[in-house]
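Dumped start.pdb below, it's PDB, C-alpha atoms and all ligand atoms:
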MODEL        1
ATOM      1  CA  MET A  47     173.473 218.274 143.318
ATOM      2  CA  LYS A  48     172.226 219.350 139.900
ATOM      3  CA  ARG A  49     172.629 215.833 138.565
ATOM      4  CA  LEU A  50     170.892 214.338 141.614
ATOM      5  CA  ALA A  51     167.898 216.611 140.999
ATOM      6  CA  GLU A  52     167.734 215.413 137.381
ATOM      7  CA  ILE A  53     167.618 211.712 138.214
ATOM      8  CA  ARG A  54     164.390 210.085 136.946
ATOM      9  CA  GLY A  55     164.849 206.612 138.376
ATOM     10  CA  PHE A  56     166.801 204.868 141.113
ATOM     11  CA  ALA A  57     168.146 201.317 141.050
ATOM     12  CA  PHE A  58     168.981 199.978 144.490
ATOM     13  CA  ASP A  59     171.237 197.081 145.350
ATOM     14  CA  LEU A  60     169.689 194.931 148.142
ATOM     15  CA  ASP A  61     172.375 193.310 150.363
ATOM     16  CA  GLY A  62     174.069 196.033 152.385
ATOM     17  CA  THR A  63     172.013 198.782 150.727
ATOM     18  CA  ILE A  64     168.292 198.144 151.339
ATOM     19  CA  TRP A  65     168.699 195.345 153.855
ATOM     20  CA  GLU A  66     171.373 193.668 155.910
ATOM     21  CA  GLY A  67     170.463 190.118 156.862
ATOM     22  CA  PRO A  68     167.006 190.181 158.512
ATOM     23  CA  ARG A  69     166.614 193.961 158.883
ATOM     24  CA  LEU A  70     166.052 196.942 156.620
ATOM     25  CA  MET A  71     168.698 199.640 156.533
ATOM     26  CA  ASP A  72     167.687 202.836 158.336
ATOM     27  CA  GLY A  73     165.686 205.163 156.128
ATOM     28  CA  ALA A  74     164.908 202.622 153.400
ATOM     29  CA  VAL A  75     161.101 202.748 153.734
ATOM     30  CA  ASP A  76     160.950 206.555 153.793
ATOM     31  CA  LEU A  77     163.345 207.073 150.892
ATOM     32  CA  VAL A  78     161.706 204.532 148.582
ATOM     33  CA  GLY A  79     158.246 205.835 149.515
ATOM     34  CA  GLU A  80     159.103 209.451 148.811
ATOM     35  CA  LEU A  81     160.857 208.710 145.513
ATOM     36  CA  ARG A  82     157.763 206.855 144.356
ATOM     37  CA  SER A  83     155.456 209.631 145.571
ATOM     38  CA  ALA A  84     157.483 212.082 143.506
ATOM     39  CA  GLY A  85     156.788 209.934 140.429
ATOM     40  CA  LEU A  86     160.308 208.573 140.097
ATOM     41  CA  GLY A  87     161.036 205.014 139.066
ATOM     42  CA  VAL A  88     162.421 202.593 141.640
ATOM     43  CA  VAL A  89     163.868 199.161 140.902
ATOM     44  CA  PHE A  90     165.863 196.735 142.979
ATOM     45  CA  ALA A  91     168.864 195.103 141.301
ATOM     46  CA  SER A  92     170.323 192.269 143.342
ATOM     47  CA  ASN A  93     173.254 189.999 142.606
ATOM     48  CA  SER A  94     171.338 187.205 144.362
ATOM     49  CA  SER A  95     172.513 183.809 143.156
ATOM     50  CA  ARG A  96     170.328 181.839 145.537
ATOM     51  CA  HIS A  97     166.865 183.307 144.903
ATOM     52  CA  GLY A  98     165.121 184.858 141.936
ATOM     53  CA  ALA A  99     162.912 187.944 141.887
ATOM     54  CA  GLY A 100     159.798 186.205 143.255
ATOM     55  CA  VAL A 101     161.376 185.244 146.575
ATOM     56  CA  LEU A 102     163.077 188.639 146.891
ATOM     57  CA  VAL A 103     159.777 190.484 146.313
ATOM     58  CA  ARG A 104     158.162 188.449 149.108
ATOM     59  CA  ARG A 105     161.071 188.961 151.483
ATOM     60  CA  LEU A 106     161.147 192.713 150.861
ATOM     61  CA  ALA A 107     157.371 192.933 151.404
ATOM     62  CA  GLU A 108     157.729 191.122 154.732
ATOM     63  CA  LEU A 109     160.163 193.830 155.785
ATOM     64  CA  GLY A 110     157.748 196.589 154.758
ATOM     65  CA  ILE A 111     158.622 197.577 151.170
ATOM     66  CA  HIS A 112     156.223 196.408 148.475
ATOM     67  CA  SER A 113     157.404 196.005 144.908
ATOM     68  CA  GLY A 114     155.849 194.725 141.731
ATOM     69  CA  PRO A 115     157.393 191.923 139.672
ATOM     70  CA  GLY A 116     158.718 194.536 137.238
ATOM     71  CA  GLU A 117     160.584 196.314 140.000
ATOM     72  CA  MET A 118     162.769 193.417 141.146
ATOM     73  CA  LEU A 119     165.785 192.136 139.219
ATOM     74  CA  ALA A 120     167.976 189.261 140.363
ATOM     75  CA  ALA A 121     171.175 188.001 138.769
ATOM     76  CA  LEU A 122     169.911 184.441 139.222
ATOM     77  CA  ASP A 123     167.090 185.121 136.747
ATOM     78  CA  LEU A 124     169.597 186.124 134.062
ATOM     79  CA  ALA A 125     171.708 182.975 134.324
ATOM     80  CA  GLY A 126     169.830 180.795 131.834
ATOM     81  CA  GLU A 127     169.607 183.511 129.187
ATOM     82  CA  GLU A 128     173.271 184.501 129.537
ATOM     83  CA  VAL A 129     174.399 180.917 129.005
ATOM     84  CA  ARG A 130     172.038 180.642 126.025
ATOM     85  CA  ARG A 131     173.254 183.929 124.517
ATOM     86  CA  ARG A 132     176.838 182.690 124.592
ATOM     87  CA  MET A 133     176.415 178.970 123.894
ATOM     88  CA  GLY A 134     172.851 178.218 122.783
ATOM     89  CA  SER A 135     170.824 175.579 124.609
ATOM     90  CA  VAL A 136     173.358 173.256 126.246
ATOM     91  CA  ARG A 137     173.838 170.637 128.943
ATOM     92  CA  VAL A 138     174.553 172.330 132.256
ATOM     93  CA  LEU A 139     175.887 171.103 135.565
ATOM     94  CA  ALA A 140     174.218 173.375 138.119
ATOM     95  CA  VAL A 141     175.940 174.079 141.425
ATOM     96  CA  GLY A 142     173.292 176.009 143.316
ATOM     97  CA  THR A 143     169.717 176.009 144.568
ATOM     98  CA  ASP A 144     166.624 174.399 143.053
ATOM     99  CA  GLU A 145     165.732 177.888 141.810
ATOM    100  CA  LEU A 146     168.928 177.936 139.724
ATOM    101  CA  VAL A 147     167.918 174.613 138.183
ATOM    102  CA  ASP A 148     164.443 176.030 137.371
ATOM    103  CA  VAL A 149     165.941 179.114 135.706
ATOM    104  CA  LEU A 150     168.237 176.972 133.543
ATOM    105  CA  HIS A 151     165.345 174.703 132.512
ATOM    106  CA  ALA A 152     163.208 177.738 131.645
ATOM    107  CA  SER A 153     165.875 178.904 129.185
ATOM    108  CA  GLY A 154     165.888 175.544 127.416
ATOM    109  CA  HIS A 155     168.981 173.981 128.922
ATOM    110  CA  GLU A 156     169.284 170.367 130.015
ATOM    111  CA  VAL A 157     170.470 170.174 133.611
ATOM    112  CA  VAL A 158     172.635 167.088 134.068
ATOM    113  CA  ALA A 159     172.925 165.083 137.286
ATOM    114  CA  ASP A 160     176.220 165.202 139.167
ATOM    115  CA  GLY A 161     177.039 161.666 138.072
ATOM    116  CA  ASP A 162     176.600 162.753 134.454
ATOM    117  CA  TRP A 163     179.225 165.514 134.645
ATOM    118  CA  PRO A 164     181.182 164.225 131.599
ATOM    119  CA  ARG A 165     178.161 165.219 129.436
ATOM    120  CA  SER A 166     178.093 168.845 130.594
ATOM    121  CA  ASP A 167     178.921 171.735 128.257
ATOM    122  CA  ALA A 168     178.749 174.352 130.987
ATOM    123  CA  VAL A 169     178.969 174.611 134.767
ATOM    124  CA  VAL A 170     176.900 177.355 136.407
ATOM    125  CA  VAL A 171     177.745 178.220 140.012
ATOM    126  CA  GLY A 172     175.506 180.068 142.450
ATOM    127  CA  ILE A 173     175.469 179.948 146.225
ATOM    128  CA  ASP A 174     174.775 176.311 146.983
ATOM    129  CA  PRO A 175     173.780 175.525 150.586
ATOM    130  CA  HIS A 176     174.740 171.888 149.921
ATOM    131  CA  PHE A 177     178.148 172.642 148.409
ATOM    132  CA  ASN A 178     180.633 170.041 149.547
ATOM    133  CA  TYR A 179     183.748 168.220 148.415
ATOM    134  CA  ASP A 180     181.805 165.834 146.140
ATOM    135  CA  ARG A 181     180.104 168.703 144.299
ATOM    136  CA  LEU A 182     183.404 170.543 144.008
ATOM    137  CA  ARG A 183     184.963 167.403 142.543
ATOM    138  CA  VAL A 184     182.375 166.900 139.788
ATOM    139  CA  ALA A 185     182.229 170.602 138.888
ATOM    140  CA  ALA A 186     186.018 170.851 138.709
ATOM    141  CA  ARG A 187     186.281 167.703 136.616
ATOM    142  CA  ALA A 188     183.645 169.029 134.211
ATOM    143  CA  VAL A 189     185.528 172.313 133.791
ATOM    144  CA  SER A 190     188.822 170.514 133.358
ATOM    145  CA  ALA A 191     187.185 168.406 130.625
ATOM    146  CA  GLY A 192     186.148 171.565 128.742
ATOM    147  CA  ALA A 193     182.845 172.756 130.220
ATOM    148  CA  VAL A 194     182.554 176.562 130.307
ATOM    149  CA  LEU A 195     182.443 177.909 133.861
ATOM    150  CA  PHE A 196     179.880 180.600 134.755
ATOM    151  CA  ALA A 197     179.326 182.317 138.113
ATOM    152  CA  VAL A 198     175.960 183.990 138.812
ATOM    153  CA  ASN A 199     178.054 186.739 140.398
ATOM    154  CA  MET A 200     181.651 187.247 141.439
ATOM    155  CA  ASP A 201     180.983 188.693 144.899
ATOM    156  CA  ARG A 202     183.495 187.395 147.420
ATOM    157  CA  ARG A 203     181.138 187.949 150.360
ATOM    158  CA  PHE A 204     177.865 189.619 151.294
ATOM    159  CA  PRO A 205     176.861 191.378 154.508
ATOM    160  CA  VAL A 206     174.374 189.645 156.826
ATOM    161  CA  GLY A 207     174.629 191.885 159.892
ATOM    162  CA  PRO A 208     176.825 194.499 161.494
ATOM    163  CA  GLY A 209     180.387 193.319 160.895
ATOM    164  CA  LEU A 210     179.198 189.898 159.730
ATOM    165  CA  PHE A 211     179.416 188.349 156.268
ATOM    166  CA  ASP A 212     178.589 185.141 154.468
ATOM    167  CA  PRO A 213     180.910 183.779 151.755
ATOM    168  CA  GLY A 214     179.702 184.906 148.342
ATOM    169  CA  CYS A 215     179.176 183.120 145.054
ATOM    170  CA  ALA A 216     182.732 183.867 143.906
ATOM    171  CA  SER A 217     184.180 181.903 146.807
ATOM    172  CA  LEU A 218     182.513 178.758 145.418
ATOM    173  CA  ALA A 219     183.211 179.581 141.758
ATOM    174  CA  GLU A 220     186.873 180.241 142.550
ATOM    175  CA  ALA A 221     187.154 176.868 144.281
ATOM    176  CA  VAL A 222     185.869 175.195 141.105
ATOM    177  CA  ALA A 223     188.206 177.344 138.983
ATOM    178  CA  VAL A 224     191.269 176.571 141.081
ATOM    179  CA  ALA A 225     190.753 172.820 140.791
ATOM    180  CA  GLY A 226     189.266 172.770 137.301
ATOM    181  CA  GLY A 227     191.376 175.434 135.598
ATOM    182  CA  GLY A 228     190.139 178.470 133.690
ATOM    183  CA  ARG A 229     188.320 181.570 134.884
ATOM    184  CA  PRO A 230     184.619 181.958 135.713
ATOM    185  CA  ILE A 231     182.462 184.143 133.465
ATOM    186  CA  GLY A 232     180.472 186.484 135.715
ATOM    187  CA  ILE A 233     176.775 187.089 134.989
ATOM    188  CA  GLY A 234     175.549 189.617 137.596
ATOM    189  CA  LYS A 235     176.972 193.001 138.589
ATOM    190  CA  PRO A 236     179.456 194.463 137.582
ATOM    191  CA  GLU A 237     178.700 192.888 134.176
ATOM    192  CA  LEU A 238     176.263 194.954 132.138
ATOM    193  CA  PRO A 239     173.094 192.822 131.683
ATOM    194  CA  LEU A 240     171.582 193.571 135.111
ATOM    195  CA  PHE A 241     172.223 197.320 134.741
ATOM    196  CA  ARG A 242     170.765 197.353 131.240
ATOM    197  CA  ALA A 243     167.660 195.574 132.506
ATOM    198  CA  ALA A 244     167.361 198.081 135.370
ATOM    199  CA  ILE A 245     167.643 201.068 133.008
ATOM    200  CA  THR A 246     165.008 199.551 130.712
ATOM    201  CA  ARG A 247     162.638 199.039 133.642
ATOM    202  CA  LEU A 248     163.216 202.603 134.848
ATOM    203  CA  GLY A 249     162.292 203.815 131.370
ATOM    204  CA  CYS A 250     164.779 206.663 131.175
ATOM    205  CA  GLU A 251     168.162 207.293 129.596
ATOM    206  CA  ALA A 252     171.088 205.782 131.506
ATOM    207  CA  ARG A 253     172.412 209.211 132.534
ATOM    208  CA  PHE A 254     169.109 209.981 134.267
ATOM    209  CA  ALA A 255     169.198 206.668 136.158
ATOM    210  CA  ALA A 256     171.050 206.275 139.454
ATOM    211  CA  MET A 257     172.680 203.109 140.770
ATOM    212  CA  VAL A 258     172.778 203.041 144.574
ATOM    213  CA  GLY A 259     174.976 200.413 146.188
ATOM    214  CA  ASP A 260     177.530 199.540 148.854
ATOM    215  CA  SER A 261     179.964 197.695 146.597
ATOM    216  CA  THR A 262     182.413 199.759 144.587
ATOM    217  CA  ALA A 263     183.524 196.654 142.686
ATOM    218  CA  SER A 264     180.056 195.634 141.511
ATOM    219  CA  ASP A 265     177.438 198.416 141.934
ATOM    220  CA  ILE A 266     179.640 201.416 141.290
ATOM    221  CA  ALA A 267     182.064 200.115 138.658
ATOM    222  CA  GLY A 268     179.228 198.463 136.721
ATOM    223  CA  GLY A 269     176.841 201.400 137.123
ATOM    224  CA  ARG A 270     179.443 203.760 135.698
ATOM    225  CA  ALA A 271     180.204 201.393 132.801
ATOM    226  CA  ALA A 272     176.461 201.366 132.035
ATOM    227  CA  GLY A 273     176.413 205.180 131.968
ATOM    228  CA  MET A 274     174.432 205.634 135.191
ATOM    229  CA  PHE A 275     174.819 208.179 138.006
ATOM    230  CA  THR A 276     176.571 206.246 140.774
ATOM    231  CA  ILE A 277     175.809 206.649 144.477
ATOM    232  CA  TRP A 278     178.086 204.826 146.892
ATOM    233  CA  LEU A 279     176.657 203.877 150.265
ATOM    234  CA  ASN A 280     179.825 204.045 152.317
ATOM    235  CA  ALA A 281     178.527 203.089 155.762
ATOM    236  CA  ASN A 282     181.933 201.929 157.002
ATOM    237  CA  HIS A 283     183.703 205.163 156.124
ATOM    238  CA  GLU A 284     186.077 203.457 153.739
ATOM    239  CA  GLY A 285     188.038 205.672 151.536
ATOM    240  CA  PRO A 286     188.985 207.343 149.386
ATOM    241  CA  PRO A 287     186.099 206.848 146.935
ATOM    242  CA  PRO A 288     187.105 205.468 143.555
ATOM    243  CA  SER A 289     186.798 207.806 140.576
ATOM    244  CA  GLU A 290     183.626 206.008 139.386
ATOM    245  CA  VAL A 291     181.693 207.353 142.398
ATOM    246  CA  ASP A 292     179.513 210.379 141.531
ATOM    247  CA  LEU A 293     178.088 210.789 145.023
ATOM    248  CA  GLN A 294     179.095 209.272 148.355
ATOM    249  CA  VAL A 295     176.737 208.978 151.336
ATOM    250  CA  ARG A 296     176.982 207.260 154.720
ATOM    251  CA  GLY A 297     173.450 205.927 154.602
ATOM    252  CA  LEU A 298     170.029 206.132 152.984
ATOM    253  CA  GLU A 299     168.937 208.889 155.372
ATOM    254  CA  GLU A 300     171.738 211.117 154.121
ATOM    255  CA  LEU A 301     170.832 210.303 150.519
ATOM    256  CA  HIS A 302     167.208 211.187 151.272
ATOM    257  CA  GLN A 303     168.273 214.518 152.737
ATOM    258  CA  LEU A 304     170.567 215.359 149.807
ATOM    259  CA  TRP A 305     167.886 214.401 147.289
ATOM    260  CA  ARG A 306     165.356 216.676 149.014
ATOM    261  CA  GLN A 307     167.877 219.513 149.057
ATOM    262  CA  SER A 308     168.654 219.008 145.367
ATOM    263  CA  ARG A 309     164.971 219.215 144.505
ATOM    264  CA  GLY A 310     164.545 222.329 146.621
ATOM    265  CA  ALA A 311     167.520 223.943 144.906
ATOM    266  CA  ARG A 312     165.968 223.162 141.538
ATOM    267  CA  ASP A 313     162.399 224.292 142.261
TER     268      ASP A 313
HETATM  269 MG    MG B   1     175.525 195.037 148.295
ENDMDL
END
Can you dump the structure from the file as structure tokens?
Amino acid sequence: MKRLAEIRGFAFDLDGTIWEGPRLMDGAVDLVGELRSAGLGVVFASNSSRHGAGVLVRRLAELGIHSGPGEMLAALDLAGEEVRRRMGSVRVLAVGTDELVDVLHASGHEVVADGDWPRSDAVVVGIDPHFNYDRLRVAARAVSAGAVLFAVNMDRRFPVGPGLFDPGCASLAEAVAVAGGGRPIGIGKPELPLFRAAITRLGCEARFAAMVGDSTASDIAGGRAAGMFTIWLNANHEGPPPSEVDLQVRGLEELHQLWRQSRGARD
């Protein structure tokens, strides 16, 4: 409770934490509103491989939570820079949305057409609504010929409603890896870049920043590795919590209650 009272900024995962498919999670509006009113930093850190921050800001606003461009972080937006950091500006085969292509262009990469796969130095995989056997073939051939395989995230699935999931980015990246050989390099959570960006935006030391998320494998493991206070949203009563969990709650309403209590205890 003492550590919760000391937190200066909160980073929230989106899928399964702030929203689930087309609806907000219970208590999201009130919690975010009160944290902001108390002068605390709030950012959203999503592993989204389909949309960048702009689309996510609009979608969140439609559901009733407004955020500035500096308060939304998406793994997709890191993809171009992560490839550049490791390889420089290269020729990339993009398996994903038009937004993924835009992000790669913005970082100075040449995006090659599927038919040009032998020229590619890297393959970057995000969720691709048009993924099919032909795309799998060219991506796998490129990787087999030596292109470096990246995945915007390595989430196996993401929640879209009570008890319902959609296949995640890793399910596509793994298909490419199985046929092409090699292992995908993950870009989003639990890798550190997204957490580091969140901490920078929150403007406090990592130990005074909380990571709130439903995934122990990405939000919690990565948040701990980044030095943050980790809050696991365990709505499905899974257990036991892994050792990286600092605080476990069943939902945002419980977190709101505990945060209020921690502040009361401090004041
Ligand atoms: Mg999630």
Residues in the PyMOL selection byres (((not hetatm)) within 10 of (chain B and resi 1)), expressed as a PDB file with C-alpha atoms, in the frame of the given file:
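Final file, part08.pdb:
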ATOM      1  CA  PHE A  58     168.981 199.978 144.490  1.00  0.00           C
ATOM      2  CA  ASP A  59     171.237 197.081 145.350  1.00  0.00           C
ATOM      3  CA  LEU A  60     169.689 194.931 148.142  1.00  0.00           C
ATOM      4  CA  ASP A  61     172.375 193.310 150.363  1.00  0.00           C
ATOM      5  CA  GLY A  62     174.069 196.033 152.385  1.00  0.00           C
ATOM      6  CA  THR A  63     172.013 198.782 150.727  1.00  0.00           C
ATOM      7  CA  ILE A  64     168.292 198.144 151.339  1.00  0.00           C
ATOM      8  CA  TRP A  65     168.699 195.345 153.855  1.00  0.00           C
ATOM      9  CA  GLU A  66     171.373 193.668 155.910  1.00  0.00           C
ATOM     10  CA  ALA A  91     168.864 195.103 141.301  1.00  0.00           C
ATOM     11  CA  SER A  92     170.323 192.269 143.342  1.00  0.00           C
ATOM     12  CA  ASN A  93     173.254 189.999 142.606  1.00  0.00           C
ATOM     13  CA  SER A  94     171.338 187.205 144.362  1.00  0.00           C
ATOM     14  CA  ASP A 201     180.983 188.693 144.899  1.00  0.00           C
ATOM     15  CA  ARG A 203     181.138 187.949 150.360  1.00  0.00           C
ATOM     16  CA  PHE A 204     177.865 189.619 151.294  1.00  0.00           C
ATOM     17  CA  PRO A 205     176.861 191.378 154.508  1.00  0.00           C
ATOM     18  CA  VAL A 258     172.778 203.041 144.574  1.00  0.00           C
ATOM     19  CA  GLY A 259     174.976 200.413 146.188  1.00  0.00           C
ATOM     20  CA  ASP A 260     177.530 199.540 148.854  1.00  0.00           C
ATOM     21  CA  SER A 261     179.964 197.695 146.597  1.00  0.00           C
ATOM     22  CA  THR A 262     182.413 199.759 144.587  1.00  0.00           C
ATOM     23  CA  ALA A 263     183.524 196.654 142.686  1.00  0.00           C
ATOM     24  CA  SER A 264     180.056 195.634 141.511  1.00  0.00           C
ATOM     25  CA  ASP A 265     177.438 198.416 141.934  1.00  0.00           C
ATOM     26  CA  LEU A 279     176.657 203.877 150.265  1.00  0.00           C
TER      27      LEU A 279
END
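For the pair atom CA of Ser217 of chain A and atom CA of Met200 of chain A, the separation is 8.0 Å.
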Could you tell me which residues the PyMOL selection byres (((chain A and resi 118) around 6) and not hetatm) grabs in this file, written as a list of chain:residue names? A:Val89, A:Phe90, A:Ala99, A:Pro115, A:Gly116, A:Glu117, A:Leu119
Kindly provide the residues of segment 178-256 of chain A that approach segment 164-174 of chain A to within 9 Å, each paired with its closest atom pair and their distance in Å to one decimal, based on all atoms listed in the file, listed by chain and increasing number, as a tab-separated table.
residue	atom	partner	partner_atom	distance
A:Asn178	CA	A:Asp174	CA	9.0
A:Val184	CA	A:Pro164	CA	8.7
A:Ala185	CA	A:Val169	CA	6.6
A:Ala186	CA	A:Val169	CA	8.9
A:Arg187	CA	A:Pro164	CA	8.0
A:Ala188	CA	A:Pro164	CA	6.0
A:Val189	CA	A:Val169	CA	7.0
A:Ala191	CA	A:Pro164	CA	7.4
A:Gly192	CA	A:Asp167	CA	7.2
A:Ala193	CA	A:Ala168	CA	4.5
A:Val194	CA	A:Ala168	CA	4.5
A:Leu195	CA	A:Val169	CA	4.9
A:Phe196	CA	A:Val170	CA	4.7
A:Ala197	CA	A:Val171	CA	4.8
A:Val198	CA	A:Gly172	CA	5.4
A:Asn199	CA	A:Gly172	CA	7.4
A:Pro213	CA	A:Ile173	CA	8.7
A:Gly214	CA	A:Ile173	CA	6.9
A:Cys215	CA	A:Ile173	CA	5.0
A:Ala216	CA	A:Gly172	CA	8.3
A:Ser217	CA	A:Ile173	CA	8.9
A:Leu218	CA	A:Ile173	CA	7.2
A:Ala219	CA	A:Val171	CA	5.9
A:Val222	CA	A:Val171	CA	8.7
A:Pro230	CA	A:Val171	CA	8.9
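Nearest-residue note for Gly234 of chain A: choosing from A:Gly73, A:Gly249, A:Gly79, A:Gly269, the minimum distance belongs to A:Gly269, counting only C-alpha atoms.
Residue nearest Ala223 of chain A, chosen from A:Arg105, A:Arg247, A:His155, A:Arg183 and counting only C-alpha atoms: A:Arg183.
The spacing separating atom CA of Gly110 of chain A from atom CA of Asp72 of chain A amounts to 12.3 Å.
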Next item on the list: Would you mind listing what lies within 8 Å of Leu77 of chain A as a ChimeraX atom specification, with all atoms listed in the file counted and same-chain residues fewer than 6 positions away left out?
Entry: /A:298-299,302
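Minimum atom-to-atom distances from A:Glu251, A:Asp162, A:Asp148, A:Asp212 to Gly67 of chain A were compared using all atoms listed in the file, and the lowest value belongs to A:Asp212.
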| Residues near Glu300 of chain A, cut-off 12 Å, only C-alpha atoms, skip fewer than 5 positions along chain, as an NGL selection string | :A and (72-74 or 76-77 or 277-281 or 293-295 or 305-307)
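Taking atom CA of Glu128 of chain A and atom CA of Phe241 of chain A as the two end points, the separation is 13.9 Å.
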Show me, as JSON, numbers by chain, the residues that have an atom within 9 Å of His112 of chain A when counting only C-alpha atoms, minus same-chain residues fewer than 6 positions from it.
{"A": [103, 104, 106]}
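Using all atoms listed in the file for every distance, the candidate list A:Leu182, A:Arg54, A:Gly207, A:Ala84 yields A:Gly207 as the residue closest to Pro68 of chain A.
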ask   = What would the list of residues within 8 Å of (172.0, 177.3, 136.5) (file frame) look like as number ranges by chain, if only C-alpha atoms are what count?
value = A: 122, 125-126, 138-142, 146-150, 157, 169-172
Using only C-alpha atoms, the best pick from A:Pro287, A:Ile53, A:Leu124, A:Ser190 as closest to Ile245 of chain A would be A:Ile53
### Task
Would you write out, as a PyMOL selection string, every residue that the PyMOL selection byres (((chain A and resi 256) around 6) and not hetatm) captures in this file?
chain A and resi 56-57+255+257+274-276
Could those residues be written to a file, using C-alpha atoms, as a PDB file, in the coordinates of the input?
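Listing of selection.pdb after writing:
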ATOM      1  CA  PHE A  56     166.801 204.868 141.113  1.00  0.00           C
ATOM      2  CA  ALA A  57     168.146 201.317 141.050  1.00  0.00           C
ATOM      3  CA  ALA A 255     169.198 206.668 136.158  1.00  0.00           C
ATOM      4  CA  MET A 257     172.680 203.109 140.770  1.00  0.00           C
ATOM      5  CA  MET A 274     174.432 205.634 135.191  1.00  0.00           C
ATOM      6  CA  PHE A 275     174.819 208.179 138.006  1.00  0.00           C
ATOM      7  CA  THR A 276     176.571 206.246 140.774  1.00  0.00           C
TER       8      THR A 276
END
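The shortest atom-to-atom distance to Asp292 of chain A, with only C-alpha atoms taken into account, belongs to A:Ile266 out of A:Ile231, A:Ala272, A:Leu109, A:Ile266.
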